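Undergrad: Below you'll find target.cif; it's mmCIF, C-alpha atoms.
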data_work
#
loop_
_atom_site.label_atom_id
_atom_site.label_comp_id
_atom_site.auth_asym_id
_atom_site.auth_seq_id
_atom_site.Cartn_x
_atom_site.Cartn_y
_atom_site.Cartn_z
CA MET A 1 112.63 255.54 49.42
CA ASN A 2 115.73 254.08 47.81
CA LEU A 3 116.71 250.42 47.86
CA VAL A 4 119.13 250.64 50.79
CA GLU A 5 116.56 252.49 52.93
CA LEU A 6 113.92 249.89 52.11
CA LEU A 7 116.28 247.07 53.03
CA ASP A 8 117.29 248.88 56.20
CA GLN A 9 113.65 249.25 57.26
CA SER A 10 112.88 245.64 56.42
CA GLY A 11 115.71 244.35 58.63
CA LEU A 12 116.64 241.76 56.01
CA THR A 13 119.78 239.80 56.87
CA GLY A 14 121.81 237.44 54.72
CA ARG A 15 120.24 234.01 54.34
CA GLY A 16 123.50 232.29 53.49
CA GLY A 17 124.53 231.79 57.10
CA ALA A 18 126.30 234.88 58.43
CA ALA A 19 123.04 236.83 58.92
CA PHE A 20 124.75 240.16 58.22
CA SER A 21 122.61 243.21 57.42
CA THR A 22 121.79 243.18 53.70
CA ALA A 23 121.27 246.97 53.70
CA THR A 24 124.81 247.52 55.01
CA LYS A 25 126.26 245.15 52.45
CA VAL A 26 124.37 246.67 49.53
CA ARG A 27 125.30 250.19 50.64
CA ALA A 28 128.99 249.22 50.69
CA ALA A 29 128.64 247.48 47.33
CA HIS A 30 127.21 250.63 45.77
CA GLU A 31 129.85 252.86 47.36
CA HIS A 32 132.67 250.77 45.97
CA ARG A 33 130.98 249.94 42.63
CA ALA A 34 131.38 246.29 43.46
CA ALA A 35 130.60 243.39 41.17
CA LEU A 36 127.86 241.09 42.44
CA VAL A 37 128.07 237.33 42.78
CA VAL A 38 124.77 235.62 43.53
CA ASN A 39 125.57 232.53 45.59
CA ALA A 40 123.23 229.72 44.54
CA CYS A 41 125.64 226.92 45.47
CA ASP A 42 123.86 225.43 48.50
CA GLY A 43 127.33 224.79 49.85
CA GLU A 44 126.39 223.56 53.32
CA ILE A 45 125.73 219.85 53.78
CA GLY A 46 122.02 219.23 53.20
CA ALA A 47 121.35 222.76 51.90
CA VAL A 48 118.72 222.77 49.17
CA LYS A 49 117.11 226.19 49.35
CA ASP A 50 119.21 227.99 46.74
CA ALA A 51 118.20 225.29 44.27
CA TYR A 52 114.58 225.80 45.31
CA VAL A 53 114.76 229.57 44.77
CA VAL A 54 116.30 229.09 41.31
CA GLU A 55 113.75 226.43 40.39
CA HIS A 56 110.63 228.24 41.63
CA HIS A 57 111.43 231.95 41.91
CA LEU A 58 114.06 232.66 39.28
CA ALA A 59 112.34 235.74 37.84
CA ALA A 60 112.11 237.34 41.29
CA LEU A 61 115.70 236.33 42.10
CA VAL A 62 116.92 238.01 38.92
CA ARG A 63 114.83 241.10 39.75
CA GLY A 64 116.48 241.26 43.19
CA ALA A 65 119.95 240.81 41.73
CA THR A 66 119.27 243.44 39.07
CA LEU A 67 118.02 245.89 41.71
CA VAL A 68 121.25 245.47 43.67
CA GLY A 69 123.21 245.51 40.42
CA GLY A 70 126.93 245.96 40.09
CA ARG A 71 129.83 246.24 37.71
CA ARG A 72 128.96 242.72 36.64
CA VAL A 73 126.27 240.37 37.99
CA ARG A 74 127.05 236.66 38.01
CA TYR A 75 125.25 233.62 39.34
CA ALA A 76 127.38 231.00 41.09
CA ALA A 77 126.28 227.36 41.18
CA HIS A 78 128.01 224.03 41.61
CA ARG A 79 129.35 222.70 38.35
CA GLY A 80 127.10 220.01 36.92
CA SER A 81 124.17 220.82 39.22
CA ALA A 82 120.56 221.21 38.08
CA THR A 83 120.75 224.76 39.42
CA GLU A 84 123.63 225.55 37.11
CA ALA A 85 121.69 224.15 34.14
CA ARG A 86 118.62 226.25 35.01
CA LEU A 87 120.66 229.43 35.35
CA ARG A 88 122.33 228.78 31.99
CA ALA A 89 119.02 227.99 30.32
CA ALA A 90 117.77 231.38 31.51
CA GLY A 91 120.68 233.02 29.71
CA LEU A 92 122.33 234.27 32.90
CA ASP A 93 126.04 234.91 33.43
CA VAL A 94 127.00 231.73 35.32
CA LEU A 95 130.04 231.20 37.53
CA SER A 96 130.66 227.45 37.88
CA ALA A 97 132.12 226.46 41.21
CA PRO A 98 133.62 223.03 41.93
CA ALA A 99 131.19 221.01 44.06
CA ARG A 100 133.26 221.18 47.22
CA TYR A 101 132.34 222.58 50.61
CA VAL A 102 134.66 225.59 50.76
CA SER A 103 134.30 226.45 47.06
CA SER A 104 131.18 228.47 47.69
CA GLU A 105 132.56 230.31 50.70
CA GLU A 106 132.31 234.05 50.09
CA THR A 107 135.99 234.73 49.42
CA SER A 108 136.34 231.51 47.36
CA LEU A 109 133.67 232.76 44.97
CA ILE A 110 135.33 236.18 44.80
CA SER A 111 138.64 234.51 43.94
CA LEU A 112 136.94 232.31 41.33
CA ALA A 113 135.11 235.30 39.83
CA GLN A 114 138.48 236.94 39.18
CA GLY A 115 140.06 233.97 37.49
CA GLY A 116 141.59 232.43 40.61
CA LEU A 117 140.93 229.10 42.27
CA ALA A 118 137.72 228.64 44.27
CA ARG A 119 139.58 228.66 47.58
CA PRO A 120 139.10 230.97 50.55
CA MET A 121 141.25 234.08 50.71
CA THR A 122 142.58 235.86 53.79
CA LYS A 123 140.29 238.81 54.39
CA ARG A 124 142.55 241.65 55.49
CA GLN A 125 139.62 243.95 54.76
CA PRO A 126 136.15 243.23 53.37
CA PHE A 127 136.48 242.40 49.66
CA VAL A 128 133.56 244.67 48.89
CA MET A 129 136.25 247.36 49.15
CA GLY A 130 138.62 245.42 46.95
CA GLY A 131 142.03 244.27 48.13
CA ALA A 132 144.56 241.59 47.39
CA ASP A 133 144.95 237.88 47.93
CA SER A 134 147.88 236.35 49.85
CA GLU A 135 150.07 236.37 46.75
CA GLY A 136 149.41 240.04 46.15
CA ARG A 137 147.04 239.50 43.23
CA ARG A 138 144.66 242.43 43.01
CA ILE A 139 141.04 241.68 43.87
CA ARG A 140 138.46 244.15 42.56
CA PRO A 141 135.53 245.17 44.80
CA THR A 142 133.07 242.28 44.85
CA VAL A 143 130.09 241.46 47.00
CA VAL A 144 128.51 238.01 47.43
CA LEU A 145 124.84 237.69 48.29
CA ASN A 146 122.94 234.46 48.79
CA ALA A 147 120.21 233.52 46.30
CA GLU A 148 117.44 233.48 48.90
CA THR A 149 118.59 236.90 50.14
CA LEU A 150 118.19 238.40 46.68
CA TRP A 151 114.77 236.84 46.25
CA ARG A 152 113.85 238.51 49.57
CA VAL A 153 115.23 241.82 48.26
CA ALA A 154 112.75 241.60 45.37
CA GLN A 155 109.94 240.78 47.82
CA VAL A 156 110.79 243.71 50.08
CA VAL A 157 110.68 246.06 47.10
CA GLU A 158 107.43 244.55 45.83
CA HIS A 159 105.50 244.19 49.11
CA GLY A 160 107.22 246.71 51.35
CA PRO A 161 109.15 246.48 54.64
CA HIS A 162 105.93 246.25 56.70
CA TRP A 163 104.84 243.11 54.90
CA PHE A 164 108.31 241.70 55.51
CA ARG A 165 108.38 242.61 59.19
CA ALA A 166 104.96 241.06 59.79
CA GLN A 167 106.69 237.66 59.68
CA GLY A 168 109.30 236.21 61.97
CA LEU A 169 110.66 237.94 65.07
CA PRO A 170 111.31 241.68 65.57
CA LYS A 171 115.06 240.99 65.63
CA GLU A 172 114.89 238.39 62.85
CA PRO A 173 112.11 239.47 60.57
CA GLY A 174 110.86 238.04 57.33
CA PRO A 175 110.08 234.73 55.71
CA ARG A 176 112.86 232.17 55.50
CA LEU A 177 113.53 228.83 53.87
CA VAL A 178 114.90 225.80 55.68
CA GLY A 179 116.05 222.55 54.14
CA VAL A 180 115.02 219.57 56.25
CA GLY A 181 116.57 216.15 55.63
CA GLY A 182 117.67 212.91 57.24
CA ALA A 183 115.14 210.75 59.08
CA VAL A 184 112.00 212.50 57.79
CA SER A 185 109.42 211.21 55.30
CA ARG A 186 109.33 214.25 53.02
CA PRO A 187 112.77 215.85 52.96
CA GLY A 188 112.89 219.20 51.22
CA VAL A 189 112.45 222.93 51.60
CA ILE A 190 110.12 224.31 54.26
CA ALA A 191 108.91 227.92 54.10
CA THR A 192 108.98 229.30 57.63
CA SER A 193 110.29 232.20 59.71
CA ALA A 194 112.42 232.70 62.81
CA GLY A 195 110.75 231.78 66.10
CA ILE A 196 108.83 228.78 64.79
CA PRO A 197 109.43 225.67 66.94
CA LEU A 198 112.00 223.36 65.40
CA ARG A 199 109.58 220.49 65.98
CA ASP A 200 107.00 222.19 63.67
CA ILE A 201 109.60 222.70 60.95
CA VAL A 202 110.55 219.02 61.17
CA ALA A 203 106.86 218.03 61.25
CA ALA A 204 106.31 219.99 58.02
CA ALA A 205 108.83 217.61 56.44
CA GLU A 206 106.90 214.72 58.00
CA GLY A 207 109.45 214.01 60.66
CA ASP A 208 108.75 213.48 64.35
CA LEU A 209 111.03 214.86 67.03
CA ASP A 210 109.32 212.65 69.62
CA ARG A 211 110.73 209.64 67.81
CA SER A 212 114.02 210.64 66.28
CA GLY A 213 117.70 210.65 66.94
CA PRO A 214 119.60 213.87 67.74
CA VAL A 215 119.38 216.74 65.27
CA ILE A 216 122.14 218.61 63.43
CA VAL A 217 121.14 222.24 62.92
CA GLY A 218 123.32 224.12 60.43
CA GLY A 219 125.26 221.28 58.80
CA LEU A 220 129.04 220.92 59.16
CA GLY A 221 129.15 224.48 60.47
CA GLY A 222 126.30 223.87 62.87
CA VAL A 223 125.61 222.09 66.14
CA LEU A 224 124.19 218.82 67.37
CA LEU A 225 121.13 219.04 69.61
CA SER A 226 119.76 216.12 71.59
CA ARG A 227 116.33 214.97 70.50
CA ALA A 228 114.77 216.53 73.61
CA GLU A 229 116.58 219.84 73.11
CA ALA A 230 115.53 219.99 69.48
CA ALA A 231 111.94 219.12 70.35
CA ALA A 232 111.75 222.12 72.72
CA ALA A 233 113.83 224.71 70.83
CA PRO A 234 112.51 227.53 68.72
CA TRP A 235 114.29 227.97 65.40
CA SER A 236 115.84 231.39 66.03
CA THR A 237 119.12 232.98 67.03
CA GLU A 238 118.02 233.28 70.67
CA GLY A 239 116.48 229.82 70.73
CA LEU A 240 119.60 228.12 69.41
CA ARG A 241 122.18 230.23 71.26
CA PRO A 242 122.12 228.11 74.46
CA PHE A 243 123.36 225.20 72.33
CA GLY A 244 125.99 227.26 70.51
CA GLY A 245 123.91 227.17 67.34
CA ARG A 246 122.08 229.60 65.11
CA PRO A 247 119.70 229.43 62.16
CA GLY A 248 122.75 229.84 59.89
CA PRO A 249 122.29 228.66 56.33
CA GLY A 250 118.91 227.05 57.07
CA VAL A 251 119.67 223.35 57.26
CA VAL A 252 118.17 220.80 59.64
CA HIS A 253 119.26 217.17 59.56
CA VAL A 254 117.42 214.66 61.73
CA LEU A 255 119.46 211.61 62.69
CA ASP A 256 118.01 208.14 62.45
CA PRO A 257 116.92 206.97 65.94
CA ASP A 258 118.08 203.41 65.13
CA ALA A 259 121.57 204.37 64.01
CA CYS A 260 124.48 205.02 66.35
CA PRO A 261 124.92 208.82 66.45
CA VAL A 262 128.60 208.50 67.37
CA VAL A 263 129.27 206.50 64.20
CA GLU A 264 127.17 208.92 62.17
CA LEU A 265 129.07 211.91 63.47
CA ALA A 266 132.37 210.14 62.76
CA ARG A 267 131.38 210.07 59.09
CA TRP A 268 130.55 213.78 59.17
CA PHE A 269 133.96 214.59 60.61
CA ASP A 270 135.73 212.35 58.10
CA HIS A 271 133.88 214.16 55.37
CA ALA A 272 134.81 217.55 56.88
CA ALA A 273 138.49 216.59 56.99
CA GLY A 274 138.41 215.85 53.27
CA GLU A 275 136.77 219.17 52.47
CA SER A 276 139.54 221.41 53.77
CA ALA A 277 141.06 223.46 50.97
CA GLY A 278 144.43 222.50 52.46
CA GLN A 279 145.66 226.08 52.63
CA CYS A 280 145.68 226.97 56.33
CA GLY A 281 147.72 224.73 58.61
CA PRO A 282 145.32 224.61 61.56
CA CYS A 283 142.51 223.48 59.22
CA MET A 284 144.54 221.13 57.02
CA PHE A 285 146.04 219.32 60.03
CA GLY A 286 143.41 220.08 62.66
CA LEU A 287 140.34 218.72 60.92
CA PRO A 288 141.86 215.30 60.14
CA ALA A 289 143.10 215.19 63.77
CA ILE A 290 139.60 215.98 65.06
CA ALA A 291 138.15 213.30 62.78
CA ALA A 292 140.74 210.80 64.04
CA ASP A 293 140.00 211.63 67.70
CA TRP A 294 136.32 211.11 67.06
CA ARG A 295 136.91 207.80 65.28
CA GLU A 296 138.93 206.68 68.25
CA LEU A 297 136.08 207.57 70.60
CA ALA A 298 133.64 205.75 68.33
CA ALA A 299 135.88 202.68 68.37
CA GLY A 300 135.61 202.59 72.16
CA ALA A 301 138.72 204.39 73.31
CA SER A 302 138.69 205.51 76.90
CA PRO A 303 136.66 208.71 76.62
CA ALA A 304 138.65 210.91 79.01
CA PRO A 305 141.98 211.35 77.15
CA ALA A 306 140.46 211.39 73.66
CA ARG A 307 137.90 213.88 74.90
CA GLN A 308 140.58 216.15 76.37
CA ARG A 309 142.54 216.02 73.13
CA LEU A 310 139.44 216.77 71.10
CA LEU A 311 138.53 219.76 73.26
CA ARG A 312 142.06 221.11 73.02
CA ARG A 313 142.08 220.70 69.24
CA THR A 314 138.65 222.22 68.63
CA ALA A 315 139.75 225.27 70.65
CA SER A 316 143.04 225.34 68.79
CA VAL A 317 141.60 225.44 65.24
CA THR A 318 138.90 228.00 66.04
CA GLY A 319 139.54 231.40 64.49
CA ARG A 320 142.71 230.20 62.79
CA GLY A 321 141.63 229.75 59.20
CA ALA A 322 141.16 232.21 56.36
CA CYS A 323 137.50 231.21 56.43
CA ARG A 324 135.24 229.96 59.20
CA PHE A 325 135.19 226.32 58.09
CA PRO A 326 137.46 225.07 60.93
CA ASP A 327 135.42 227.10 63.45
CA GLY A 328 132.25 225.50 62.15
CA VAL A 329 133.53 221.94 62.36
CA ALA A 330 134.99 222.62 65.81
CA GLY A 331 131.58 223.86 66.95
CA LEU A 332 129.88 220.73 65.66
CA ALA A 333 132.48 218.56 67.40
CA THR A 334 132.17 220.27 70.79
CA SER A 335 128.37 220.16 70.64
CA ALA A 336 128.51 216.49 69.68
CA LEU A 337 130.83 215.76 72.63
CA ARG A 338 128.36 217.42 74.96
CA VAL A 339 125.22 215.78 73.56
CA LEU A 340 126.73 212.33 73.13
CA SER A 341 128.83 212.10 76.29
CA ASP A 342 126.71 209.28 77.76
CA HIS A 343 126.71 207.47 74.47
CA LEU A 344 130.49 207.77 74.23
CA ALA A 345 130.75 206.14 77.64
CA ASP A 346 128.63 203.27 76.28
CA HIS A 347 131.09 202.88 73.44
CA ALA A 348 133.97 202.72 75.89
CA SER A 349 132.25 199.96 77.85
CA GLY A 350 131.31 198.17 74.63
CA HIS A 351 127.58 198.64 75.14
CA CYS A 352 126.44 200.79 72.24
CA ALA A 353 122.81 199.77 71.81
CA ALA A 354 122.64 200.85 68.19
CA GLY A 355 125.95 199.33 67.14
CA GLN A 356 127.09 199.59 63.56
CA THR A 357 123.92 200.31 61.69
CA SER A 358 122.54 201.64 58.47
CA ARG A 359 124.66 203.89 56.33
CA SER A 360 121.75 205.06 54.28
CA SER A 361 120.68 208.51 55.44
CA HIS A 362 123.93 210.37 55.94
CA ASP A 363 125.71 208.76 52.99
CA ARG A 364 123.01 210.24 50.81
CA VAL A 365 123.53 213.59 52.41
CA LEU A 366 127.29 213.53 52.34
CA ALA A 367 127.31 212.41 48.73
CA HIS A 368 125.76 215.81 48.04
CA MET B 1 140.21 247.99 59.14
CA THR B 2 142.49 250.65 60.57
CA ALA B 3 145.58 249.87 62.59
CA SER B 4 145.90 253.10 64.50
CA SER B 5 145.23 252.57 68.20
CA PRO B 6 148.08 251.49 70.48
CA THR B 7 146.44 248.10 71.03
CA ASP B 8 146.31 247.55 67.28
CA ARG B 9 149.96 248.39 66.81
CA ALA B 10 150.93 246.16 69.71
CA ALA B 11 149.86 243.03 67.93
CA VAL B 12 150.36 241.01 64.81
CA ARG B 13 148.04 239.03 62.60
CA VAL B 14 148.79 235.93 60.59
CA ASP B 15 147.75 235.48 56.99
CA ARG B 16 146.72 231.85 57.41
CA VAL B 17 146.80 231.09 53.70
CA ALA B 18 150.35 232.39 53.34
CA CYS B 19 151.67 230.89 56.60
CA THR B 20 153.60 227.67 56.11
CA GLY B 21 154.64 227.14 59.70
CA HIS B 22 158.32 228.08 59.66
CA GLY B 23 157.99 229.20 63.27
CA VAL B 24 160.33 232.18 63.01
CA CYS B 25 157.68 234.42 64.57
CA ALA B 26 157.49 232.30 67.71
CA SER B 27 161.28 232.65 68.23
CA LEU B 28 161.20 236.40 67.72
CA LEU B 29 157.98 237.01 69.67
CA PRO B 30 158.16 234.44 72.49
CA GLY B 31 155.80 236.47 74.69
CA SER B 32 152.94 236.71 72.27
CA ILE B 33 153.23 233.78 69.88
CA ARG B 34 153.38 230.08 70.60
CA LEU B 35 153.21 227.26 68.10
CA ASP B 36 150.39 224.73 67.99
CA GLU B 37 151.03 220.99 67.80
CA TRP B 38 151.51 221.25 64.02
CA GLY B 39 153.94 224.16 64.22
CA TYR B 40 151.58 226.96 63.24
CA PRO B 41 151.51 230.20 65.23
CA VAL B 42 148.90 231.00 67.86
CA VAL B 43 148.80 234.73 68.60
CA LEU B 44 148.10 235.10 72.31
CA THR B 45 145.86 237.89 73.57
CA PRO B 46 146.66 239.42 76.97
CA ALA B 47 143.73 237.41 78.35
CA GLU B 48 145.44 234.25 77.12
CA GLY B 49 148.70 235.21 78.80
CA GLY B 50 150.22 237.06 75.87
CA VAL B 51 152.94 239.56 76.73
CA ASP B 52 154.03 242.48 74.54
CA ASP B 53 157.37 241.70 72.91
CA GLY B 54 157.98 245.32 71.92
CA ASP B 55 157.81 247.29 68.69
CA GLN B 56 161.28 246.36 67.53
CA ALA B 57 160.79 242.61 67.87
CA ARG B 58 157.41 242.88 66.20
CA ALA B 59 158.79 244.80 63.23
CA ALA B 60 161.58 242.23 62.91
CA ALA B 61 159.11 239.35 62.98
CA VAL B 62 156.97 240.93 60.26
CA ARG B 63 160.08 241.61 58.17
CA LEU B 64 161.67 238.20 58.65
CA CYS B 65 158.69 235.89 58.19
CA PRO B 66 159.87 233.64 55.34
CA ALA B 67 156.30 233.35 54.03
CA MET B 68 155.59 237.08 54.44
CA ALA B 69 152.51 235.97 56.35
CA LEU B 70 152.77 238.30 59.34
CA TYR B 71 151.23 241.75 59.37
CA ALA B 72 150.35 244.43 61.91
CA GLY B 73 146.93 244.39 63.50
CA ARG B 74 144.88 243.00 66.33
CA PRO B 75 144.74 239.21 66.48
CA SER B 76 141.41 238.14 65.00
#
Take the structure from the file and write it as structure tokens.

TA:
Amino acid sequence: MNLVELLDQSGLTGRGGAAFSTATKVRAAHEHRAALVVNACDGEIGAVKDAYVVEHHLAALVRGATLVGGRRVRYAAHRGSATEARLRAAGLDVLSAPARYVSSEETSLISLAQGGLARPMTKRQPFVMGGADSEGRRIRPTVVLNAETLWRVAQVVEHGPHWFRAQGLPKEPGPRLVGVGGAVSRPGVIATSAGIPLRDIVAAAEGDLDRSGPVIVGGLGGVLLSRAEAAAAPWSTEGLRPFGGRPGPGVVHVLDPDACPVVELARWFDHAAGESAGQCGPCMFGLPAIAADWRELAAGASPAPARQRLLRRTASVTGRGACRFPDGVAGLATSALRVLSDHLADHASGHCAAGQTSRSSHDRVLAH
Amino acid sequence: MTASSPTDRAAVRVDRVACTGHGVCASLLPGSIRLDEWGYPVVLTPAEGGVDDGDQARAAAVRLCPAMALYAGRPS
């Protein structure tokens, strides 16, 4: 059986967030003789699993990347990160990406790999086929695969598709890594699989969803779940769908039960606004506007008009960027509006129980 | 992506990186493009009340976009 057939049978999907079939991607990469970029940037807020794979499973990662192969194989990591240093020490061909949110987006890395800026490109067709950027610069066929995905490729080849399928769910098979952070005692990487209760994943990081604040699943491109929702949800595509979420890039952030979640989320949206690459109008103007609406709500503005404006703006930015960053932030904002609607009413009446509290947990995360 | 079916030809897409919000498209395609609060085009699907402005107007809009940001294809 060849590599693509093995991957097809395993049902492996991309672990970077989009969950696209790895077999399909690798087949296209081979057809178009694409270059390979291994994404080890951990670009999502709170993501730590690419670093973990490079630190603990580098040999297998390199085996996976070599099996997929390509015109040129490069390893992308944030400039100045420990991951970058480890990749260099191993003598690998390293692509240094600026440590900004959208720098490690698929098309940003493809642009960077061809001497351009690490900014998202409009995808008129998948870049695995090659194409051009908005200025007409030629882009050679390039495929981007996440570091965990390539480690899994090596595992599928070594242990077989049956071993792989014995874990997780029939529709979402295989082992997976999740980074758990925030209000937990042992933040870090948890080895798990789809279908495991979110509460068990958080418990493995010594957190307790019976005594926590709400939970952000998927970072800036994710959703907010109430504590009760998170405590009952399985970590899977089906389990998170009712909340508009998905396993995505494998990031779970537990909010501090003693901090005001509205104020916490305001900091996330401020951060998001500053991470726009400033290329696409709806993102460059929409994200700061969403952040401002949220700040206004947090400051106790009458919830109804600010809420209406926020809903209109989140709908307006969705699907209107070169990349999915605005869609992601809009999704987090609408989920936060839903989960925190009572709390926002408390703000309006000046009765937020938590008030202005500790900056510790999220500032650490957002400093990432 | 192929742009061959009638539905495909009857629509335009915006290269969001190239678009700088001149708004020419919204004047030339009033039935299918409106501008958002920051002046950037929103391509309306029929479900969103979009009306076909015709092949000629569409071709003109693609040709006259000052940022060369408009191209044929289904709205994404």

Undergrad: I would like the residues chosen by the PyMOL selection byres ((chain B and resi 21) around 6) on the shown file; could you give them as a PyMOL selection string?

TA: chain B and resi 19-20+22-23+39-40

Undergrad: Calculated over all atoms listed in the file, which of the candidates A:Val184, A:Ala292, A:Val202, A:Met129 has the smallest distance to chain B?

TA: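 Among the listed residues, A:Met129 lies closest to chain B.
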
Undergrad: Can you list, as number ranges by chain, the residues that the PyMOL selection byres ((chain A and resi 12) around 8) selects here?

TA: A: 7-8, 10-11, 13-14, 21-23, 149, 152-153, 172-174

Undergrad: Set the cut-off to 8 Å and count all atoms listed in the file: what are the residues of chain A that reach chain B? Output as a PDB file with C-alpha atoms, in the coordinates of the input.

TA:
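Contents of part32.pdb, as written:
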ATOM      1  CA  MET A 121     141.250 234.080  50.710  1.00  0.00           C
ATOM      2  CA  THR A 122     142.580 235.860  53.790  1.00  0.00           C
ATOM      3  CA  ARG A 124     142.550 241.650  55.490  1.00  0.00           C
ATOM      4  CA  GLN A 125     139.620 243.950  54.760  1.00  0.00           C
ATOM      5  CA  SER A 134     147.880 236.350  49.850  1.00  0.00           C
ATOM      6  CA  GLU A 135     150.070 236.370  46.750  1.00  0.00           C
ATOM      7  CA  GLN A 279     145.660 226.080  52.630  1.00  0.00           C
ATOM      8  CA  CYS A 280     145.680 226.970  56.330  1.00  0.00           C
ATOM      9  CA  GLY A 281     147.720 224.730  58.610  1.00  0.00           C
ATOM     10  CA  PRO A 282     145.320 224.610  61.560  1.00  0.00           C
ATOM     11  CA  PHE A 285     146.040 219.320  60.030  1.00  0.00           C
ATOM     12  CA  SER A 316     143.040 225.340  68.790  1.00  0.00           C
ATOM     13  CA  GLY A 319     139.540 231.400  64.490  1.00  0.00           C
ATOM     14  CA  ARG A 320     142.710 230.200  62.790  1.00  0.00           C
ATOM     15  CA  GLY A 321     141.630 229.750  59.200  1.00  0.00           C
ATOM     16  CA  ALA A 322     141.160 232.210  56.360  1.00  0.00           C
TER      17      ALA A 322
END

Undergrad: Translate the PyMOL selection byres ((chain B and resi 58-61) around 12) into a concrete residue list for this structure, as number ranges by chain.

TA: B: 9-14, 22-33, 51-57, 62-73

Undergrad: In the coordinates of the file, take the point (138.3, 218.2, 74.5) and a cut-off of 12 Å; then, counting all atoms listed in the file, name each qualifying protein, DNA or RNA residue as a short mmCIF file (atom, residue, chain, number, x, y, z; two decimals) with C-alpha atoms, keeping the file's coordinate frame.

TA:
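Contents of out_36.cif, freshly written:
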data_model
loop_
_atom_site.label_atom_id
_atom_site.label_comp_id
_atom_site.auth_asym_id
_atom_site.auth_seq_id
_atom_site.Cartn_x
_atom_site.Cartn_y
_atom_site.Cartn_z
CA ILE A 290 139.60 215.98 65.06
CA ASP A 293 140.00 211.63 67.70
CA TRP A 294 136.32 211.11 67.06
CA LEU A 297 136.08 207.57 70.60
CA PRO A 303 136.66 208.71 76.62
CA ALA A 304 138.65 210.91 79.01
CA PRO A 305 141.98 211.35 77.15
CA ALA A 306 140.46 211.39 73.66
CA ARG A 307 137.90 213.88 74.90
CA GLN A 308 140.58 216.15 76.37
CA ARG A 309 142.54 216.02 73.13
CA LEU A 310 139.44 216.77 71.10
CA LEU A 311 138.53 219.76 73.26
CA ARG A 312 142.06 221.11 73.02
CA ARG A 313 142.08 220.70 69.24
CA THR A 314 138.65 222.22 68.63
CA ALA A 315 139.75 225.27 70.65
CA SER A 316 143.04 225.34 68.79
CA ALA A 330 134.99 222.62 65.81
CA GLY A 331 131.58 223.86 66.95
CA ALA A 333 132.48 218.56 67.40
CA THR A 334 132.17 220.27 70.79
CA SER A 335 128.37 220.16 70.64
CA ALA A 336 128.51 216.49 69.68
CA LEU A 337 130.83 215.76 72.63
CA ARG A 338 128.36 217.42 74.96
CA SER A 341 128.83 212.10 76.29
#

Undergrad: Figure out the distance between CA of Val53 (chain A) and CA of Gln9 (chain A), please, to one decimal in Å.

TA: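 A separation of 23.3 Å between them.
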
Undergrad: Could you check how far CA of Gly91 (chain A) sits from CA of Val68 (chain A), in Å to one decimal?

TA: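 Going from CA of Gly91 (chain A) over to CA of Val68 (chain A), I get 18.7 Å.
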
Undergrad: Quick one: pull the distance between CA of Ala19 (chain A) and CA of Leu177 (chain A), Å, one decimal.

TA: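 Straight-line distance from CA of Ala19 (chain A) to CA of Leu177 (chain A) works out to 13.4 Å.
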
Undergrad: Applying 12 Å and all atoms listed in the file, which residues near region 26-28 of chain A remain after dropping the ones on its own chain fewer than 5 positions away? List them as number ranges by chain.

TA: A: 2-8, 12-14, 20-21, 33-36, 64-65, 67-70, 126-130, 141-145, 149-150, 153

Undergrad: With distances taken over all atoms listed in the file, which residue among A:Leu61, A:Val223, A:Ala113, A:Ala183 lies nearest Trp151 (chain A)?

TA: A:Leu61
